[in-house]
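Participant: I am attaching a structure below and will ask some questions about it afterwards.
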Amino acid sequence: MSQAELADLFVGMGEPKFRAKQVYQWLWEKGVRSFEEMTNLSKTLREKLDQHFVINGIVADKIQHSVDGTIKSRFRLHDGHLVESVLIPVPAENRYTVCVSCQVGCSLTCTFCATGRMKRVRNLDAAEIYDQVVLVNQQSLEAYGHPLTNIVYMGMGEPLLAYNNVMDSIERITAPDGLNMSPRRITVSTAGIAKMIKKLADDEVRFNLALSLHAADDAKRNEIMPINEQNNLEALLESLTYFHRQTRNRISYEYIAFQNFNDSLEDAAQLAKLCRNFPVRINIIEYNPIDGAPFLKSTEHRIDDFAKYLRDQGIMVTVRRSRGRDIDAACGQLANKE
Ligand code: SF4
């Protein structure tokens, strides 16, 4: 419920309107999970709320700690479904990133992805996405004494197919009476849905956008990401150009390097051609192999050559070494176990 809806509710109950602000603060700023904890409300009111309302908070179901510091959480939703979030700390750079999920399962069937094998069950609501950030922020404070600095929507599900809920969650994360984080610290990652990228531009969003590219020609991309058949590279480039023109927000390409599939210098040359229309940063990601997928991770040597080729073309490139390999940290691996 919004704060205005809460205000109406309390007035209807014969309570002062400011109760709405108090409850809202408990829920969204302090992240409490029971009415009992709302200690500035009278005991009678707390009991009344408890009788008539529920707080559908998400609950940690399993937490795995990697030797490299990554912490993966599997959360149970109020209806029993499971989703994952990952805390990725980089203390040397003062960067503490959470990767959140936005759907239970996923309707896109990217061949390299464990989530793609689970059918999409439902979208997460805004509060369930927000809760992942709150709980992983607590983990970050407890484990590293540092709050989250970045949020990426790169976990289970396709954010642009859970559009309204994702937008609402970002609104709460960035709101002064929410977590008050800067939208510049948030990146939404899409497998590439051209018309929704244009919608982001028209909605004048202020967060960063990442395209999970993973292949720089249509034939290869069709092979690993069926969504490309309706949203080919030409359509995606056009929508990203529009997004850049309208918002000037940062765009990045995510590029998982698969051995002998997309990691040659010819692939790099094709990728460079997709970097001419707007400034773009490329994140080359080491593959976190999943059981039964037809891909292996590329070698360090090939990734270095690939990155060097792009850098020599004046393109900004970051290589992200795979994290949490000992803890099922690839998207969907942990939730898929049950
Ligand atoms: S990579 Fe993303 S879009 Fe593709 S199947 Fe996995 S969760 Fe869905």
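We name chains A, B, ... following the order of the structure tokens; residues begin at 1 in each chain, and ligands are numbered from 1 as shown.
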Enumerate residues in contact with ligand 1: an atom-to-atom distance of at most 9 Å, counting only C-alpha atoms and all ligand atoms. Format the result as an MDAnalysis selection string.
Facilitator: chainID A and resid 101 103 105:118 120 154:159 189:192 212 224:227 331:332
Participant: Print the selection's residues with N, CA and C atoms to a file, as an mmCIF file, in the first residue's frame.
Facilitator:
data_model
loop_
_atom_site.group_PDB
_atom_site.id
_atom_site.type_symbol
_atom_site.label_atom_id
_atom_site.label_comp_id
_atom_site.auth_asym_id
_atom_site.auth_seq_id
_atom_site.Cartn_x
_atom_site.Cartn_y
_atom_site.Cartn_z
ATOM 1 N N SER A 101 16.992 -10.576 -8.343
ATOM 2 C CA SER A 101 16.085 -11.260 -9.270
ATOM 3 C C SER A 101 14.791 -10.465 -9.392
ATOM 4 N N GLN A 103 12.027 -12.070 -11.427
ATOM 5 C CA GLN A 103 10.969 -13.026 -11.753
ATOM 6 C C GLN A 103 11.303 -14.375 -11.110
ATOM 7 N N GLY A 105 11.795 -17.836 -12.077
ATOM 8 C CA GLY A 105 12.030 -18.451 -13.387
ATOM 9 C C GLY A 105 12.162 -17.375 -14.455
ATOM 10 N N CYS A 106 12.072 -17.790 -15.712
ATOM 11 C CA CYS A 106 12.224 -16.819 -16.805
ATOM 12 C C CYS A 106 11.595 -17.418 -18.056
ATOM 13 N N SER A 107 10.919 -16.570 -18.848
ATOM 14 C CA SER A 107 10.285 -17.088 -20.060
ATOM 15 C C SER A 107 11.252 -17.136 -21.241
ATOM 16 N N LEU A 108 12.394 -16.473 -21.105
ATOM 17 C CA LEU A 108 13.378 -16.510 -22.194
ATOM 18 C C LEU A 108 14.278 -17.718 -21.938
ATOM 19 N N THR A 109 14.666 -18.366 -22.986
ATOM 20 C CA THR A 109 15.344 -19.646 -22.768
ATOM 21 C C THR A 109 16.784 -19.584 -23.269
ATOM 22 N N CYS A 110 17.546 -18.663 -22.713
ATOM 23 C CA CYS A 110 18.951 -18.553 -23.121
ATOM 24 C C CYS A 110 19.641 -19.877 -22.787
ATOM 25 N N THR A 111 20.379 -20.395 -23.742
ATOM 26 C CA THR A 111 20.854 -21.777 -23.597
ATOM 27 C C THR A 111 21.935 -21.963 -22.536
ATOM 28 N N PHE A 112 22.606 -20.875 -22.178
ATOM 29 C CA PHE A 112 23.738 -20.981 -21.234
ATOM 30 C C PHE A 112 23.298 -20.758 -19.793
ATOM 31 N N CYS A 113 21.993 -20.552 -19.568
ATOM 32 C CA CYS A 113 21.539 -20.037 -18.280
ATOM 33 C C CYS A 113 20.683 -21.053 -17.525
ATOM 34 N N ALA A 114 20.982 -21.250 -16.249
ATOM 35 C CA ALA A 114 20.223 -22.210 -15.441
ATOM 36 C C ALA A 114 18.791 -21.731 -15.204
ATOM 37 N N THR A 115 18.598 -20.413 -15.087
ATOM 38 C CA THR A 115 17.239 -19.902 -14.883
ATOM 39 C C THR A 115 16.371 -20.156 -16.110
ATOM 40 N N GLY A 116 17.005 -20.101 -17.282
ATOM 41 C CA GLY A 116 16.266 -20.302 -18.529
ATOM 42 C C GLY A 116 15.636 -21.686 -18.619
ATOM 43 N N ARG A 117 16.062 -22.600 -17.752
ATOM 44 C CA ARG A 117 15.480 -23.951 -17.768
ATOM 45 C C ARG A 117 14.277 -24.064 -16.850
ATOM 46 N N MET A 118 14.071 -23.028 -16.031
ATOM 47 C CA MET A 118 12.896 -23.066 -15.144
ATOM 48 C C MET A 118 11.831 -22.263 -15.859
ATOM 49 N N ARG A 120 8.852 -19.653 -16.408
ATOM 50 C CA ARG A 120 8.504 -18.465 -15.652
ATOM 51 C C ARG A 120 7.233 -18.734 -14.860
ATOM 52 N N MET A 154 20.302 -8.249 -12.598
ATOM 53 C CA MET A 154 20.881 -9.237 -13.510
ATOM 54 C C MET A 154 20.653 -10.641 -13.007
ATOM 55 N N GLY A 155 19.786 -10.797 -12.008
ATOM 56 C CA GLY A 155 19.537 -12.121 -11.460
ATOM 57 C C GLY A 155 18.488 -12.839 -12.293
ATOM 58 N N MET A 156 17.667 -13.630 -11.623
ATOM 59 C CA MET A 156 16.690 -14.434 -12.354
ATOM 60 C C MET A 156 15.624 -13.545 -12.980
ATOM 61 N N GLY A 157 15.312 -13.841 -14.240
ATOM 62 C CA GLY A 157 14.223 -13.145 -14.904
ATOM 63 C C GLY A 157 14.679 -12.007 -15.798
ATOM 64 N N GLU A 158 13.756 -11.547 -16.630
ATOM 65 C CA GLU A 158 14.021 -10.451 -17.570
ATOM 66 C C GLU A 158 13.315 -9.186 -17.039
ATOM 67 N N PRO A 159 14.091 -8.203 -16.589
ATOM 68 C CA PRO A 159 13.486 -7.026 -15.953
ATOM 69 C C PRO A 159 12.473 -6.287 -16.836
ATOM 70 N N SER A 189 19.624 -4.790 -16.465
ATOM 71 C CA SER A 189 20.211 -5.561 -17.561
ATOM 72 C C SER A 189 19.106 -6.298 -18.312
ATOM 73 N N THR A 190 19.113 -6.164 -19.622
ATOM 74 C CA THR A 190 18.082 -6.822 -20.409
ATOM 75 C C THR A 190 18.700 -7.768 -21.434
ATOM 76 N N ALA A 191 17.946 -8.826 -21.743
ATOM 77 C CA ALA A 191 18.383 -9.724 -22.812
ATOM 78 C C ALA A 191 18.114 -9.075 -24.173
ATOM 79 N N GLY A 192 17.364 -7.968 -24.169
ATOM 80 C CA GLY A 192 17.193 -7.221 -25.415
ATOM 81 C C GLY A 192 15.784 -7.259 -25.974
ATOM 82 N N SER A 212 22.552 -7.641 -22.395
ATOM 83 C CA SER A 212 23.263 -8.927 -22.394
ATOM 84 C C SER A 212 23.435 -9.328 -23.846
ATOM 85 N N ILE A 224 21.992 -18.810 -29.154
ATOM 86 C CA ILE A 224 22.071 -18.863 -27.685
ATOM 87 C C ILE A 224 20.966 -18.081 -26.989
ATOM 88 N N MET A 225 20.341 -17.137 -27.724
ATOM 89 C CA MET A 225 19.291 -16.313 -27.106
ATOM 90 C C MET A 225 18.111 -16.198 -28.070
ATOM 91 N N PRO A 226 17.123 -17.089 -27.928
ATOM 92 C CA PRO A 226 16.008 -17.095 -28.878
ATOM 93 C C PRO A 226 15.280 -15.739 -28.977
ATOM 94 N N ILE A 227 15.362 -14.912 -27.952
ATOM 95 C CA ILE A 227 14.719 -13.595 -27.978
ATOM 96 C C ILE A 227 15.241 -12.754 -29.147
ATOM 97 N N CYS A 331 23.577 -17.539 -12.299
ATOM 98 C CA CYS A 331 22.151 -17.216 -12.173
ATOM 99 C C CYS A 331 21.276 -18.464 -12.268
ATOM 100 N N GLY A 332 20.483 -18.704 -11.254
ATOM 101 C CA GLY A 332 19.517 -19.793 -11.302
ATOM 102 C C GLY A 332 20.033 -21.130 -10.797
#
Participant: Mind listing the strand (DSSP E or B) residues of segment 125-334 of chain A, per DSSP on the backbone, as an MDAnalysis selection string?
Facilitator: chainID A and resid 150:153 186:190 208:212 251:258 280:286 297 316:320
Participant: Please identify the alpha helix (DSSP H) residues within segment 64-260 of chain A (assignment by DSSP from backbone atoms) and present them as a ChimeraX atom specification.
Facilitator: /A:126-144,163-174,194-202,218-224,233-247
Participant: Excluding segment 1-15 of chain A and any residue of its chain fewer than 4 positions from it, enumerate the residues within 9 Å of it, using only C-alpha atoms, and give them as a PyMOL selection string.
Facilitator: chain A and resi 19-21+23-24+45
Participant: Give me a file of those residues, with all heavy atoms, as a PDB file, in the first residue's frame.
Facilitator:
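Full text of again-v6.pdb as output:
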ATOM      1  N   ARG A  19      -0.069   8.097  11.446  1.00  0.00           N
ATOM      2  CA  ARG A  19       0.256   6.669  11.615  1.00  0.00           C
ATOM      3  C   ARG A  19       0.784   6.082  10.293  1.00  0.00           C
ATOM      4  O   ARG A  19       1.620   5.191  10.302  1.00  0.00           O
ATOM      5  CB  ARG A  19      -0.986   5.878  12.030  1.00  0.00           C
ATOM      6  CG  ARG A  19      -1.517   6.228  13.389  1.00  0.00           C
ATOM      7  CD  ARG A  19      -0.799   5.465  14.490  1.00  0.00           C
ATOM      8  NE  ARG A  19      -1.315   5.841  15.771  1.00  0.00           N
ATOM      9  CZ  ARG A  19      -0.638   6.539  16.685  1.00  0.00           C
ATOM     10  NH1 ARG A  19       0.609   6.910  16.440  1.00  0.00           N
ATOM     11  NH2 ARG A  19      -1.168   6.855  17.835  1.00  0.00           N
ATOM     12  N   ALA A  20       0.242   6.603   9.187  1.00  0.00           N
ATOM     13  CA  ALA A  20       0.659   6.089   7.875  1.00  0.00           C
ATOM     14  C   ALA A  20       2.155   6.288   7.701  1.00  0.00           C
ATOM     15  O   ALA A  20       2.871   5.381   7.260  1.00  0.00           O
ATOM     16  CB  ALA A  20      -0.105   6.809   6.770  1.00  0.00           C
ATOM     17  N   LYS A  21       2.640   7.470   8.056  1.00  0.00           N
ATOM     18  CA  LYS A  21       4.068   7.757   7.899  1.00  0.00           C
ATOM     19  C   LYS A  21       4.893   6.845   8.809  1.00  0.00           C
ATOM     20  O   LYS A  21       5.935   6.316   8.401  1.00  0.00           O
ATOM     21  CB  LYS A  21       4.317   9.223   8.234  1.00  0.00           C
ATOM     22  CG  LYS A  21       5.715   9.641   7.918  1.00  0.00           C
ATOM     23  CD  LYS A  21       5.876  11.116   7.720  1.00  0.00           C
ATOM     24  CE  LYS A  21       7.307  11.336   7.228  1.00  0.00           C
ATOM     25  NZ  LYS A  21       7.928  12.493   7.698  1.00  0.00           N
ATOM     26  N   VAL A  23       4.105   3.817   9.969  1.00  0.00           N
ATOM     27  CA  VAL A  23       4.123   2.432   9.469  1.00  0.00           C
ATOM     28  C   VAL A  23       4.992   2.332   8.217  1.00  0.00           C
ATOM     29  O   VAL A  23       5.781   1.395   8.044  1.00  0.00           O
ATOM     30  CB  VAL A  23       2.682   1.939   9.200  1.00  0.00           C
ATOM     31  CG1 VAL A  23       2.689   0.611   8.438  1.00  0.00           C
ATOM     32  CG2 VAL A  23       1.930   1.775  10.513  1.00  0.00           C
ATOM     33  N   TYR A  24       4.868   3.349   7.361  1.00  0.00           N
ATOM     34  CA  TYR A  24       5.649   3.354   6.121  1.00  0.00           C
ATOM     35  C   TYR A  24       7.151   3.334   6.432  1.00  0.00           C
ATOM     36  O   TYR A  24       7.919   2.614   5.808  1.00  0.00           O
ATOM     37  CB  TYR A  24       5.283   4.607   5.316  1.00  0.00           C
ATOM     38  CG  TYR A  24       5.549   4.476   3.837  1.00  0.00           C
ATOM     39  CD1 TYR A  24       4.651   3.828   2.990  1.00  0.00           C
ATOM     40  CD2 TYR A  24       6.706   4.997   3.278  1.00  0.00           C
ATOM     41  CE1 TYR A  24       4.887   3.706   1.643  1.00  0.00           C
ATOM     42  CE2 TYR A  24       6.962   4.876   1.920  1.00  0.00           C
ATOM     43  CZ  TYR A  24       6.039   4.230   1.114  1.00  0.00           C
ATOM     44  OH  TYR A  24       6.288   4.102  -0.228  1.00  0.00           O
ATOM     45  N   LEU A  45      -3.200  -1.073  18.706  1.00  0.00           N
ATOM     46  CA  LEU A  45      -3.164  -0.879  17.255  1.00  0.00           C
ATOM     47  C   LEU A  45      -2.301  -1.960  16.597  1.00  0.00           C
ATOM     48  O   LEU A  45      -2.675  -2.521  15.559  1.00  0.00           O
ATOM     49  CB  LEU A  45      -2.634   0.522  16.907  1.00  0.00           C
ATOM     50  CG  LEU A  45      -2.542   0.826  15.408  1.00  0.00           C
ATOM     51  CD1 LEU A  45      -3.902   0.690  14.713  1.00  0.00           C
ATOM     52  CD2 LEU A  45      -1.997   2.235  15.162  1.00  0.00           C
TER      53      LEU A  45
END
Participant: Could you check the closest approach to Leu87 of chain A for each of A:Ser34, A:Gln51, A:Asn150, A:Thr174 and tell me which residue wins, using only C-alpha atoms?
Facilitator: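 Ranking A:Ser34, A:Gln51, A:Asn150, A:Thr174 by distance to Leu87 of chain A, first place goes to A:Asn150.
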Participant: By how many Å are atom CA of Thr70 of chain A and atom CA of Ile88 of chain A apart?
Facilitator: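 Calculated distance between atom CA of Thr70 of chain A and atom CA of Ile88 of chain A is 4.9 Å.
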Participant: Measuring between only C-alpha atoms, which one of A:Asp177, A:Asp267, A:Asp326, A:Glu84 shows the shortest distance to Gln22 of chain A?
Facilitator: A:Asp177
Participant: For segment 313-322 of chain A, work out the shell of residues within 8 Å, counting only C-alpha atoms and skipping chain neighbours fewer than 5 positions away, then give it as a ChimeraX atom specification.
Facilitator: /A:272,275,280-288,307
Participant: Export, as a PDB file, in the first residue's frame, the selected residues with C-alpha atoms.
Facilitator:
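Result file follows (out02.pdb):
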ATOM      1  CA  ALA A 272      33.634  -3.343 -32.223  1.00  0.00           C
ATOM      2  CA  CYS A 275      30.130   0.243 -30.520  1.00  0.00           C
ATOM      3  CA  VAL A 280      29.442   2.006 -24.573  1.00  0.00           C
ATOM      4  CA  ARG A 281      31.420   0.035 -22.031  1.00  0.00           C
ATOM      5  CA  ILE A 282      31.921  -3.677 -22.615  1.00  0.00           C
ATOM      6  CA  ASN A 283      31.996  -6.033 -19.657  1.00  0.00           C
ATOM      7  CA  ILE A 284      33.561  -9.302 -20.686  1.00  0.00           C
ATOM      8  CA  ILE A 285      32.421 -11.945 -18.239  1.00  0.00           C
ATOM      9  CA  GLU A 286      34.066 -15.259 -17.578  1.00  0.00           C
ATOM     10  CA  TYR A 287      31.450 -17.986 -17.961  1.00  0.00           C
ATOM     11  CA  ASN A 288      30.275 -19.809 -14.854  1.00  0.00           C
ATOM     12  CA  ALA A 307      39.902  -7.368 -24.594  1.00  0.00           C
TER      13      ALA A 307
END
Participant: Just checking: using only C-alpha atoms, which residue out of A:Val32, A:Met167, A:Val59, A:Leu49 ends up closest to Asp203 of chain A?
Facilitator: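 The answer is A:Met167, which sits nearest to Asp203 of chain A.
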Participant: Find the residues around segment 181-185 of chain A up to 9 Å (only C-alpha atoms counted), leave out those fewer than 3 positions away in its own chain, and share them as a PyMOL selection string.
Facilitator: chain A and resi 149-152+170-171+173-176+178+205-208+249-250
Participant: Can you work out the spacing between atom CA of Leu141 of chain A and atom CA of Pro89 of chain A in Å, to one decimal?
Facilitator: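 Value for the atom CA of Leu141 of chain A-atom CA of Pro89 of chain A distance: 11.1 Å.
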Participant: I'd like the neighbourhood of Tyr130 of chain A as a PyMOL selection string, where a residue qualifies if any of its atoms comes within 7 Å (using only C-alpha atoms), though same-chain residues fewer than 4 positions away should be ignored.
Facilitator: chain A and resi 126+134+169+173
Participant: Would you output that residue set with all heavy atoms, as a CSV table (one decimal), in the first residue's frame?
Facilitator:
chain,number,residue,atom,x,y,z
A,126,ALA,N,7.1,-5.3,-6.5
A,126,ALA,CA,8.2,-4.3,-6.2
A,126,ALA,C,8.8,-4.5,-4.8
A,126,ALA,O,10.0,-4.4,-4.6
A,126,ALA,CB,7.6,-2.9,-6.3
A,134,VAL,N,17.3,-4.8,0.7
A,134,VAL,CA,17.4,-4.5,2.1
A,134,VAL,C,18.1,-5.7,2.9
A,134,VAL,O,19.0,-5.4,3.6
A,134,VAL,CB,15.9,-4.4,2.8
A,134,VAL,CG1,16.0,-4.3,4.3
A,134,VAL,CG2,15.3,-3.1,2.2
A,169,SER,N,10.1,-0.8,-7.9
A,169,SER,CA,11.1,-1.1,-6.9
A,169,SER,C,12.2,-0.1,-6.9
A,169,SER,O,12.7,0.4,-5.9
A,169,SER,CB,11.6,-2.5,-7.2
A,169,SER,OG,12.4,-2.6,-8.4
A,173,ILE,N,13.7,2.2,-4.0
A,173,ILE,CA,15.1,2.2,-3.6
A,173,ILE,C,15.7,3.6,-3.7
A,173,ILE,O,16.5,3.9,-2.8
A,173,ILE,CB,15.8,1.2,-4.6
A,173,ILE,CG1,15.4,-0.2,-4.3
A,173,ILE,CG2,17.4,1.4,-4.4
A,173,ILE,CD1,15.8,-1.2,-5.4
Participant: When you look at Pro91 of chain A with a cut-off of 10 Å (counting only C-alpha atoms), what residues show up, excluding the ones that are within fewer than 5 positions of it in the same chain? I need them as a list in words.
Facilitator: Gly69, Tyr96, Tyr144 and His146 of chain A
